[in-house]
Amino acid sequence: MTEENVLPGTVVDSRAGSGRISAAIILGLVALGSIVALSIDTRFVYLLVYVWFGTAYGLLLQYGRFCMASAVRDLFAVGVPRMAVGMLIAVALYSLMAAGVQSAGFSTFAPHPLGWHIVIGGLIFGFGMVFTGGCASGSLYKAGEGNVGSMLVIVAISFSQAAFVAMGDWSDRFVPAAWTEAAEATGMPEELSVTNGWFDQFISGYIWNLNGTTVAASLGMEDSAAGIYFANSFLSAVLPSLLLLVVLYLFFYRRSYLRRNKIDRAGLGDNARGMWAMITSSKNTALAGIGLGIFAGLQMWTTGALREHYNIFGFGELLESMGYESGLSLQGTVFDPGYWYITTQEAQWGGWLLNKLGVENMDNIFFGLENGLPNPLLNAPGFMSIGIILGAAVMAHMRSEFKWKMPSLETAVFALVGGTLMGIGARIGMGCNIGAFFATVTNGDLSGWVFLAGMIGGGYLGVKGFNAWLEWRASREGDFAL
Amino acid sequence: MLSRKQETTVLAVPHTVTLPQVGEVAISRTLDCIGAACPRPQLLTMRVLDELEEGEMIELLSDNPATVETLPALMFSQGGTHVATLRRGDHWRVYMRKGVYEAPKNRF
């Protein structure tokens, strides 16, 4: 290995480029798989769009190390705001892209119902993600880097959601009577048995009575350019991000910056330069945010164009016309968001397997009415998640960062337990750090900030718990190792 | 199947290494964090820094790119100095010094 000249504080990377062949092989396999699918039926192009955009998201997520778990945890565990800063800049930039998509009229975004469940879901999700070492998007890109522990997290998120939404009679005792009444009043078909099981009554007796809205809609500015750019982008995403950036600067960056630069009495200019130094230190994550915004917009546009071309509302109809009827919901639909989303399709993987093992889970709202349980080979958003892993693997290989990493027993247990909590939190909060936070706030839906607040609270408690665990272990083993 | 390795180990074997452009430096502690994911390496670094005197150096081994990228920011906020990061095969070696010994600009 050759050594290059290095200045203090700089990075020598003498291995760059050695993974290009592996990266090319993965991209070649994606291309080959696409050709095979198209030769079976050209209508699979609808599914392949998810694969291709997933791959692009994966490239960007790995490049920007897009991990909300690091963002929240590093703040509380070690006082480093770097990833949180990157996330917030990404939110602001992504929202401008999303506004462009909205004003062009092909946004497939729907606001989330606002209620206490969002804080609680965020809390559970945030607590779990400290133990897994990755959020929903972080675990996907880390799986692409060869991290087997992160793959276990995905498995846990998948099965815990599948089990959680299909909870049976035993869970009824935790259901408030009001939910049961409201669920009954919905007049849902008998085969859904909506008054049976906690999650069904949570959805039909509680969530369906809540309203979601965007900032533009609540200001009565819907559909106008001002409503989209000013209300949905600036007021909903850019302004809150800027305010949070100032908070991060004041609490986590200012002191170190001023000390480093030997500034005793800081004026406005010094602080502005400090802010800028903080922002530029998170460049990769910010760039990934722009890229993700552009691709998410393009994906909505492409999916919209395909829906128009095939004259369908969603992938379920296309599957039906291609002769694949198994796994469709009562409405003949399958989950098909048209933009990036993570946890729901992971729930479908686990749900499908449980279904094949004989678990009756098509009688619940989540699978039976809303999302369906398609064969994983026909699960379009599922292929987006696989695309994300593959894209991250391509980027990791190109940067020579790919390495198979086996977890220790402790890491594996944390991955499974934390992943289970993340799955439960994601279903209560109606999404993960992407679906419930990132995609909402950038589209004018303030419920995402509520989810973030819950996630930060959960992350704080998670760091406390994690530290307590490490202390306990260190005291028991009497050594320094963590 | 599972990795048997301790997640992190600390070696207190003082030795010297020659860093390109920096020259020979004395290392007080070596933190082997290969196989460990965030936040363990960061927390361990903070603990070990607590034990050291101003000016002493640590060497941290990690195969986790996210960790390696965070350490300069950690040094920034903890009042330490990130001296160098070297790639060694399938892992990185990060050299950090306790205490600020220069005013680093354009660090990130």
# chains A, B, ... in the order shown; residues from 1 in each chain; ligands from 1
call {"tool": "select_by_dssp", "arguments": {"residues": "range 120-335 of chain A", "states": "alpha helix (DSSP H)", "output": "PyMOL selection string"}}
result
chain A and resi 120-132+136-144+148-165+177-185+198-205+215-218+225-226+239-248+254-260+268-280+283-310+315-321
call {"tool": "interface_residues", "arguments": {"of": "chain B", "to": "chain A", "cutoff": "6 Å", "atoms": "only C-alpha atoms", "output": "list of chain:residue names"}}
result
B:Leu2, B:Ser3, B:Thr8, B:Thr9, B:Pro20, B:Gln21, B:Leu74, B:Ser77, B:His82, B:Val83, B:Ala84, B:Thr85, B:Leu86, B:Arg87, B:Ala103, B:Phe108
call {"tool": "write_last_selection", "arguments": {"atoms": "N, CA and C atoms", "output": "PDB file, in the first residue's frame"}}
result
ATOM      1  N   LEU B   2     -21.798 -15.865  14.800  1.00  0.00           N
ATOM      2  CA  LEU B   2     -21.618 -14.544  15.404  1.00  0.00           C
ATOM      3  C   LEU B   2     -20.141 -14.289  15.683  1.00  0.00           C
ATOM      4  N   SER B   3     -19.799 -13.022  15.606  1.00  0.00           N
ATOM      5  CA  SER B   3     -18.423 -12.649  15.878  1.00  0.00           C
ATOM      6  C   SER B   3     -18.119 -12.829  17.361  1.00  0.00           C
ATOM      7  N   THR B   8     -14.925  -3.841  21.749  1.00  0.00           N
ATOM      8  CA  THR B   8     -13.827  -2.871  21.778  1.00  0.00           C
ATOM      9  C   THR B   8     -12.825  -3.284  22.851  1.00  0.00           C
ATOM     10  N   THR B   9     -11.553  -3.072  22.573  1.00  0.00           N
ATOM     11  CA  THR B   9     -10.544  -3.298  23.601  1.00  0.00           C
ATOM     12  C   THR B   9      -9.576  -2.119  23.619  1.00  0.00           C
ATOM     13  N   PRO B  20       2.626  10.349   8.249  1.00  0.00           N
ATOM     14  CA  PRO B  20       3.076  11.170   7.129  1.00  0.00           C
ATOM     15  C   PRO B  20       2.838  12.649   7.398  1.00  0.00           C
ATOM     16  N   GLN B  21       3.829  13.447   7.130  1.00  0.00           N
ATOM     17  CA  GLN B  21       3.755  14.914   7.271  1.00  0.00           C
ATOM     18  C   GLN B  21       3.714  15.383   8.712  1.00  0.00           C
ATOM     19  N   LEU B  74     -16.090  14.966  16.741  1.00  0.00           N
ATOM     20  CA  LEU B  74     -16.073  14.687  18.181  1.00  0.00           C
ATOM     21  C   LEU B  74     -14.914  15.428  18.843  1.00  0.00           C
ATOM     22  N   SER B  77     -15.720  19.059  19.289  1.00  0.00           N
ATOM     23  CA  SER B  77     -16.606  19.446  20.378  1.00  0.00           C
ATOM     24  C   SER B  77     -16.026  19.085  21.742  1.00  0.00           C
ATOM     25  N   HIS B  82      -7.906  16.317  16.176  1.00  0.00           N
ATOM     26  CA  HIS B  82      -7.804  15.198  15.244  1.00  0.00           C
ATOM     27  C   HIS B  82      -6.530  15.395  14.450  1.00  0.00           C
ATOM     28  N   VAL B  83      -5.597  14.468  14.553  1.00  0.00           N
ATOM     29  CA  VAL B  83      -4.294  14.658  13.920  1.00  0.00           C
ATOM     30  C   VAL B  83      -4.263  14.043  12.523  1.00  0.00           C
ATOM     31  N   ALA B  84      -4.717  12.815  12.391  1.00  0.00           N
ATOM     32  CA  ALA B  84      -4.706  12.193  11.059  1.00  0.00           C
ATOM     33  C   ALA B  84      -5.609  10.965  11.038  1.00  0.00           C
ATOM     34  N   THR B  85      -6.068  10.634   9.848  1.00  0.00           N
ATOM     35  CA  THR B  85      -6.792   9.386   9.638  1.00  0.00           C
ATOM     36  C   THR B  85      -6.118   8.651   8.491  1.00  0.00           C
ATOM     37  N   LEU B  86      -5.683   7.437   8.749  1.00  0.00           N
ATOM     38  CA  LEU B  86      -5.010   6.667   7.710  1.00  0.00           C
ATOM     39  C   LEU B  86      -5.804   5.420   7.395  1.00  0.00           C
ATOM     40  N   ARG B  87      -5.864   5.103   6.138  1.00  0.00           N
ATOM     41  CA  ARG B  87      -6.540   3.879   5.735  1.00  0.00           C
ATOM     42  C   ARG B  87      -5.526   2.742   5.756  1.00  0.00           C
ATOM     43  N   ALA B 103      -4.771  26.143  16.284  1.00  0.00           N
ATOM     44  CA  ALA B 103      -6.108  26.609  15.933  1.00  0.00           C
ATOM     45  C   ALA B 103      -6.459  26.037  14.569  1.00  0.00           C
ATOM     46  N   PHE B 108     -12.964  20.621   8.545  1.00  0.00           N
ATOM     47  CA  PHE B 108     -13.924  19.629   8.066  1.00  0.00           C
ATOM     48  C   PHE B 108     -14.139  19.734   6.580  1.00  0.00           C
TER      49      PHE B 108
END
call {"tool": "closest_residue", "arguments": {"among": "A:Phe335, A:Phe414, A:Phe383, A:Phe366", "to": "Ala162 in chain A", "atoms": "only C-alpha atoms"}}
result
A:Phe366
call {"tool": "atom_distance", "arguments": {"atom1": "CA of Thr81 in chain B", "atom2": "CA of Ile27 in chain B"}}
result
13.8 Å
call {"tool": "closest_residue", "arguments": {"among": "B:Leu31, B:Val94, B:Leu11, B:Val48", "to": "Pro65 in chain B", "atoms": "only C-alpha atoms"}}
result
B:Val94
call {"tool": "atom_distance", "arguments": {"atom1": "CA of Gly100 in chain A", "atom2": "CA of Ala288 in chain A"}}
result
17.6 Å
call {"tool": "select_by_dssp", "arguments": {"residues": "chain B", "states": "strand (DSSP E)", "output": "JSON, numbers by chain"}}
result
{"B": [9, 10, 11, 15, 16, 17, 18, 19, 23, 24, 25, 26, 27, 28, 29, 30, 31, 32, 57, 58, 59, 60, 61, 62, 80, 81, 82, 83, 84, 85, 86, 87, 88, 91, 92, 93, 94, 95, 96, 97, 98]}
call {"tool": "closest_residue", "arguments": {"among": "B:Asp90, B:Met57, B:Gly99, B:Ser62", "to": "Phe76 in chain B", "atoms": "only C-alpha atoms"}}
result
B:Gly99
call {"tool": "residues_around", "arguments": {"residues": "Pro14 in chain B", "least_positions_apart": "3", "cutoff": "8 Å", "atoms": "only C-alpha atoms", "output": "PDB file with all heavy atoms, in the first residue's frame"}}
result
ATOM      1  N   ALA B  26       4.130   9.832  19.845  1.00  0.00           N
ATOM      2  CA  ALA B  26       4.022   8.805  20.892  1.00  0.00           C
ATOM      3  C   ALA B  26       2.553   8.510  21.156  1.00  0.00           C
ATOM      4  O   ALA B  26       1.760   9.419  21.359  1.00  0.00           O
ATOM      5  CB  ALA B  26       4.707   9.307  22.165  1.00  0.00           C
ATOM      6  N   ILE B  27       2.223   7.247  21.126  1.00  0.00           N
ATOM      7  CA  ILE B  27       0.839   6.829  21.352  1.00  0.00           C
ATOM      8  C   ILE B  27       0.725   6.262  22.762  1.00  0.00           C
ATOM      9  O   ILE B  27       1.494   5.389  23.152  1.00  0.00           O
ATOM     10  CB  ILE B  27       0.429   5.733  20.340  1.00  0.00           C
ATOM     11  CG1 ILE B  27       0.655   6.185  18.903  1.00  0.00           C
ATOM     12  CG2 ILE B  27      -1.024   5.313  20.566  1.00  0.00           C
ATOM     13  CD1 ILE B  27      -0.196   7.324  18.459  1.00  0.00           C
ATOM     14  N   SER B  28      -0.258   6.770  23.526  1.00  0.00           N
ATOM     15  CA  SER B  28      -0.432   6.270  24.892  1.00  0.00           C
ATOM     16  C   SER B  28      -1.425   5.115  24.957  1.00  0.00           C
ATOM     17  O   SER B  28      -1.291   4.214  25.761  1.00  0.00           O
ATOM     18  CB  SER B  28      -0.927   7.388  25.806  1.00  0.00           C
ATOM     19  OG  SER B  28      -0.083   8.506  25.703  1.00  0.00           O
ATOM     20  N   ARG B  29      -2.466   5.185  24.127  1.00  0.00           N
ATOM     21  CA  ARG B  29      -3.491   4.137  24.168  1.00  0.00           C
ATOM     22  C   ARG B  29      -3.899   3.763  22.740  1.00  0.00           C
ATOM     23  O   ARG B  29      -4.017   4.645  21.883  1.00  0.00           O
ATOM     24  CB  ARG B  29      -4.763   4.630  24.866  1.00  0.00           C
ATOM     25  CG  ARG B  29      -4.602   5.014  26.303  1.00  0.00           C
ATOM     26  CD  ARG B  29      -4.704   3.808  27.211  1.00  0.00           C
ATOM     27  NE  ARG B  29      -4.846   4.238  28.592  1.00  0.00           N
ATOM     28  CZ  ARG B  29      -3.853   4.740  29.322  1.00  0.00           C
ATOM     29  NH1 ARG B  29      -2.649   4.872  28.797  1.00  0.00           N
ATOM     30  NH2 ARG B  29      -4.068   5.125  30.572  1.00  0.00           N
TER      31      ARG B  29
END
call {"tool": "residues_around", "arguments": {"residues": "Tyr50 in chain A", "least_positions_apart": "3", "cutoff": "9 Å", "atoms": "only C-alpha atoms", "output": "PyMOL selection string"}}
result
chain A and resi 45-47+53-55+299+303+338-340+380-385+387
call {"tool": "residues_around", "arguments": {"residues": "Leu452 in chain A", "least_positions_apart": "6", "cutoff": "9 Å", "atoms": "only C-alpha atoms", "output": "list in words"}}
result
Val119, Gly122, Leu123, Gly126, Asn433, Ala436 and Phe437 of chain A
